[in-house]
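This report refers to the structure that appears directly beneath it.
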There are 2 protein chains.
Amino acid sequence: MTEPLDADMFDAMCPSGALPFQIGDKWTEMIVICLADGPRRFTELRVPLGAITPKVLSATLRAMRRDGLVTRTAYDENPPRVEYELTELGRSMLLLIDAVRAWSSQYLPAILAARQASERLDA
Amino acid sequence: MTEPLDADMFDAMCPSGALPFQIGDKWTEMIVICLADGPRRFTELRVPLGAITPKVLSATLRAMRRDGLVTRTAYDENPPRVEYELTELGRSMLLLIDAVRAWSSQYLPAILAARQASERLDA
DNA sequence: CTGAATCCGACTTGATACTG
DNA sequence: CAGTATCAAGTCGGATTCAG
């Protein structure tokens with residue numbers, strides 16, 4: 001259920017900067033996807049997110065907690081362990097994220113083609 | 001079909017800043033919605049967009065043209081007239097925008113409530 | 001009417017280093 | 001392990017002014 005996250009899991013989504021649909025800030029969508037299969041630890045999330053700095057991950061998770069998208073559970077152990085988990089509200093985003101991904105796979109190539117065509121006009 | 005746009009048509013959507021789904025940049029979604037019923041002129045678009053500056057509207061439309069979302073048609077008249085119209089690609093976003101809006105009407109209140117609850121903890 | 005040119009402040013993101 | 005503190009850089013939207 002909660003196997004280790006693949007460090008390359010977002011590499012294939014590279015042209016996401018061209019996608020006209022953005023979920024939250026730069027990282028929210030990926031974090032939601034990472035948490036889809038169950039709770040994850042702080043460092044565990046850093047693996048697939050391409051060397052996100054701890055400050056940014058911390059800030060993003062705090063904003064998501066504030067909006068009720070994730071919960072944070074700290075275990076009083078040594079070494080410390082903290083787990084983040086999607087709330088029902090956060091989980092409700094998964095369906096819409098799937099819809100966005102479906103739209104992307106269908107239409108993103110057209111956007112990239114239009115972009116390259118207009119680049120040729122500039123030259 | 002293309003009745004004048006209401007200057008208040010986006011006032012009810014005010015808490016859109018809290019929405020975790022963003023379409024393009026700040027204005028792209030609203031422009032797509034404004035063009036849903038047919039072509040619109042430059043100044044016509046400025047009405048419902050709450051005093052968007054011409055520079056920003058121009059830049060947004062240029063980016064949308066570059067991505068193949070809208071077409072621009074200039075008529076050689078005096079005074080000059082320019083019309084923007086959704087392409088098929090741009091029109092394909094409408095379904096997804098509807099899905100985002102449906103999600104919003106269902107879950108955005110929960111986000112706002114969670115946000116207010118965490119504000120009370122800060123105080 | 002439909003923009004373009006310039007300047008600017010605010011916000012976002014990241015690099016780096018440090019702590020309980 | 002799980003963050004925080006500080007600093008630097010880039011980007012975006014906007015105000016203002018001017019032009020075809």
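Following the order of the structure tokens, first chain is A, next is B, and so on, with residues numbered from 1 inside each chain and ligands from 1 in the order they appear.
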Margin query: Select, as an NGL selection string, those residues of chain D with any atom no more than 10 Å from chain B (distances computed using only C-alpha atoms (C1' of nucleotides)).
Written below: :D and (12-15)
Go ahead and save the residues from that selection, with N, CA and C atoms (P, O5', C5', C4', C3', O3' and C1' of nucleotides), as a compact mmCIF listing (two decimals), in the first residue's frame.
# COMPACT_ATOMS: atom_id res chain seq x y z
P DC D 12 6.17 34.88 -14.45
O5' DC D 12 5.02 35.66 -13.69
C5' DC D 12 4.69 35.28 -12.34
C4' DC D 12 3.78 36.34 -11.75
C3' DC D 12 2.84 36.96 -12.78
O3' DC D 12 1.51 36.88 -12.30
C1' DC D 12 4.09 38.65 -11.62
P DG D 13 0.31 37.25 -13.33
O5' DG D 13 -0.21 38.61 -12.70
C5' DG D 13 -0.45 38.66 -11.31
C4' DG D 13 -0.48 40.10 -10.84
C3' DG D 13 -1.44 40.99 -11.65
O3' DG D 13 -2.30 41.64 -10.75
C1' DG D 13 0.74 41.96 -11.53
P DG D 14 -3.40 42.67 -11.32
O5' DG D 14 -2.66 44.08 -11.18
C5' DG D 14 -2.24 44.51 -9.90
C4' DG D 14 -1.56 45.86 -9.99
C3' DG D 14 -2.35 46.93 -10.76
O3' DG D 14 -2.50 48.07 -9.95
C1' DG D 14 -0.11 46.83 -11.49
P DA D 15 -3.48 49.22 -10.46
O5' DA D 15 -2.55 50.51 -10.49
C5' DA D 15 -1.42 50.61 -9.63
C4' DA D 15 -0.63 51.87 -9.95
C3' DA D 15 -1.45 52.96 -10.65
O3' DA D 15 -1.04 54.24 -10.18
C1' DA D 15 0.29 52.21 -12.09
Next item on the list: Give as a PyMOL selection string every residue of chain C that touches chain B within 9 Å, counting only C-alpha atoms (C1' of nucleotides).
Entry: chain C and resi 1-4
Note to self: Report as a list in words all protein, DNA and RNA residues lying within 10 Å of Leu89 (chain B), evaluated on only C-alpha atoms (C1' of nucleotides), omitting residues in the same chain fewer than 6 positions from it.
What the structure shows: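 Here the answer would be Tyr107, Leu108, Ala110 and Ile111 of chain A; Asp67, Gly68, Leu69 and Val70 of chain B.
Considering only C-alpha atoms, the residue among B:Pro39, B:Pro109, B:Gly50, B:Pro4 positioned nearest to chain A is B:Pro109.
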Margin query: At a cut-off of 10 Å, which residues of chain A touch chain B? Count only C-alpha atoms and give the answer as a ChimeraX atom specification.
Written below: /A:17-25,28-29,63-69,89-90,92-93,95-97,99-100,102-103,107-108,110-119
What would the file look like if the residues just selected were written as an mmCIF file, in the first residue's frame with C-alpha atoms?
data_model
loop_
_atom_site.group_PDB
_atom_site.id
_atom_site.type_symbol
_atom_site.label_atom_id
_atom_site.label_comp_id
_atom_site.auth_asym_id
_atom_site.auth_seq_id
_atom_site.Cartn_x
_atom_site.Cartn_y
_atom_site.Cartn_z
ATOM 1 C CA GLY A 17 4.813 24.456 -16.582
ATOM 2 C CA ALA A 18 2.821 24.692 -19.799
ATOM 3 C CA LEU A 19 -0.278 23.253 -18.221
ATOM 4 C CA PRO A 20 -2.995 25.889 -17.827
ATOM 5 C CA PHE A 21 -4.390 24.116 -14.779
ATOM 6 C CA GLN A 22 -2.462 24.518 -11.596
ATOM 7 C CA ILE A 23 -3.317 22.869 -8.311
ATOM 8 C CA GLY A 24 -2.487 25.106 -5.412
ATOM 9 C CA ASP A 25 1.068 26.350 -5.456
ATOM 10 C CA THR A 28 0.626 21.021 -3.682
ATOM 11 C CA GLU A 29 -0.518 18.756 -6.480
ATOM 12 C CA ALA A 63 -0.431 25.892 4.188
ATOM 13 C CA MET A 64 -2.104 22.605 3.325
ATOM 14 C CA ARG A 65 -2.743 21.909 6.991
ATOM 15 C CA ARG A 66 -4.206 25.365 7.425
ATOM 16 C CA ASP A 67 -6.657 24.657 4.587
ATOM 17 C CA GLY A 68 -7.600 21.290 6.009
ATOM 18 C CA LEU A 69 -6.028 19.250 3.211
ATOM 19 C CA LEU A 89 -11.065 17.137 1.883
ATOM 20 C CA GLY A 90 -7.605 16.586 0.494
ATOM 21 C CA SER A 92 -11.549 14.863 -2.664
ATOM 22 C CA MET A 93 -8.991 16.644 -4.838
ATOM 23 C CA LEU A 95 -10.726 12.994 -8.638
ATOM 24 C CA LEU A 96 -10.278 16.481 -9.997
ATOM 25 C CA ILE A 97 -6.552 15.946 -10.326
ATOM 26 C CA ALA A 99 -9.569 14.957 -14.611
ATOM 27 C CA VAL A 100 -6.823 17.543 -15.055
ATOM 28 C CA ALA A 102 -6.740 13.336 -18.464
ATOM 29 C CA TRP A 103 -7.192 16.745 -20.063
ATOM 30 C CA TYR A 107 -4.510 18.539 -25.081
ATOM 31 C CA LEU A 108 -1.101 19.441 -23.680
ATOM 32 C CA ALA A 110 -1.458 20.815 -28.800
ATOM 33 C CA ILE A 111 -0.387 23.595 -26.471
ATOM 34 C CA LEU A 112 3.260 22.679 -26.794
ATOM 35 C CA ALA A 113 2.891 22.537 -30.577
ATOM 36 C CA ALA A 114 1.222 25.958 -30.674
ATOM 37 C CA ARG A 115 3.973 27.336 -28.499
ATOM 38 C CA GLN A 116 6.706 26.005 -30.747
ATOM 39 C CA ALA A 117 4.894 27.304 -33.824
ATOM 40 C CA SER A 118 4.791 30.835 -32.406
ATOM 41 C CA GLU A 119 8.441 30.569 -31.482
#
Next item on the list: Just the strand (DSSP E or B) stuff from region 12-71 of chain B, please, per backbone DSSP, written as number ranges by chain.
Entry: B: 21-23, 40-41, 70-71
Convert the current residue selection to file output with all heavy atoms, as a compact mmCIF listing (two decimals), in the first residue's frame.
# COMPACT_ATOMS: atom_id res chain seq x y z
N PHE B 21 -7.31 25.22 -7.06
CA PHE B 21 -7.17 24.95 -8.49
C PHE B 21 -7.11 26.28 -9.23
O PHE B 21 -8.05 27.08 -9.17
CB PHE B 21 -8.34 24.11 -9.00
CG PHE B 21 -8.37 22.73 -8.42
CD1 PHE B 21 -9.04 22.48 -7.25
CD2 PHE B 21 -7.70 21.69 -9.04
CE1 PHE B 21 -9.06 21.21 -6.69
CE2 PHE B 21 -7.71 20.42 -8.50
CZ PHE B 21 -8.39 20.17 -7.33
N GLN B 22 -6.03 26.49 -9.93
CA GLN B 22 -5.89 27.74 -10.67
C GLN B 22 -5.76 27.42 -12.14
O GLN B 22 -5.02 26.52 -12.54
CB GLN B 22 -4.66 28.51 -10.19
CG GLN B 22 -4.58 29.91 -10.78
CD GLN B 22 -3.27 30.56 -10.43
OE1 GLN B 22 -2.62 30.18 -9.48
NE2 GLN B 22 -2.87 31.54 -11.22
N ILE B 23 -6.49 28.19 -12.96
CA ILE B 23 -6.43 27.97 -14.39
C ILE B 23 -5.54 29.03 -15.00
O ILE B 23 -5.87 30.22 -15.03
CB ILE B 23 -7.84 28.01 -15.01
CG1 ILE B 23 -8.61 26.76 -14.61
CG2 ILE B 23 -7.75 28.06 -16.52
CD1 ILE B 23 -9.35 26.87 -13.32
N ARG B 40 -15.27 38.43 -28.39
CA ARG B 40 -15.40 39.67 -27.61
C ARG B 40 -14.29 40.63 -28.00
O ARG B 40 -13.19 40.23 -28.36
CB ARG B 40 -15.30 39.37 -26.12
CG ARG B 40 -16.38 38.47 -25.57
CD ARG B 40 -17.70 39.20 -25.42
NE ARG B 40 -18.73 38.36 -24.82
CZ ARG B 40 -19.97 38.76 -24.63
NH1 ARG B 40 -20.35 39.99 -25.02
NH2 ARG B 40 -20.86 37.97 -24.08
N ARG B 41 -14.57 41.90 -27.85
CA ARG B 41 -13.57 42.92 -28.15
C ARG B 41 -12.71 43.20 -26.93
O ARG B 41 -13.07 42.87 -25.80
CB ARG B 41 -14.27 44.20 -28.59
CG ARG B 41 -15.18 43.98 -29.77
CD ARG B 41 -15.86 45.26 -30.17
NE ARG B 41 -14.87 46.29 -30.50
CZ ARG B 41 -15.19 47.45 -31.05
NH1 ARG B 41 -16.45 47.73 -31.34
NH2 ARG B 41 -14.26 48.34 -31.32
N VAL B 70 -6.72 31.15 -27.90
CA VAL B 70 -7.60 32.15 -28.52
C VAL B 70 -7.01 32.59 -29.86
O VAL B 70 -5.82 32.44 -30.11
CB VAL B 70 -7.78 33.41 -27.62
CG1 VAL B 70 -8.41 33.05 -26.29
CG2 VAL B 70 -6.46 34.11 -27.41
N THR B 71 -7.89 33.11 -30.70
CA THR B 71 -7.45 33.75 -31.94
C THR B 71 -7.74 35.24 -31.85
O THR B 71 -8.65 35.67 -31.14
CB THR B 71 -8.18 33.16 -33.15
OG1 THR B 71 -9.59 33.34 -32.97
CG2 THR B 71 -7.87 31.70 -33.32
Next item on the list: Taking the DSSP assignment computed from this structure's backbone, write out as an NGL selection string all residues of chain A that belong to alpha helix (DSSP H).
Entry: :A and (28-34 or 42-46 or 54-66 or 88-122)
Check: What is the CA of Leu49 (chain A) to CA of Asp6 (chain A) distance in Å?
Finding: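 Taking CA of Leu49 (chain A) and CA of Asp6 (chain A), their separation equals 9.6 Å.
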Note to self: I'd like the neighbourhood of Leu5 (chain A) as a PyMOL selection string, where a residue qualifies if any of its atoms comes within 8 Å (using only C-alpha atoms (C1' of nucleotides)), though same-chain residues fewer than 3 positions away should be ignored.
What the structure shows: chain A and resi 9+34+44-45+47-48
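When C1' of DG20 (chain D) is paired with C1' of DC8 (chain C), their separation reads 26.5 Å.
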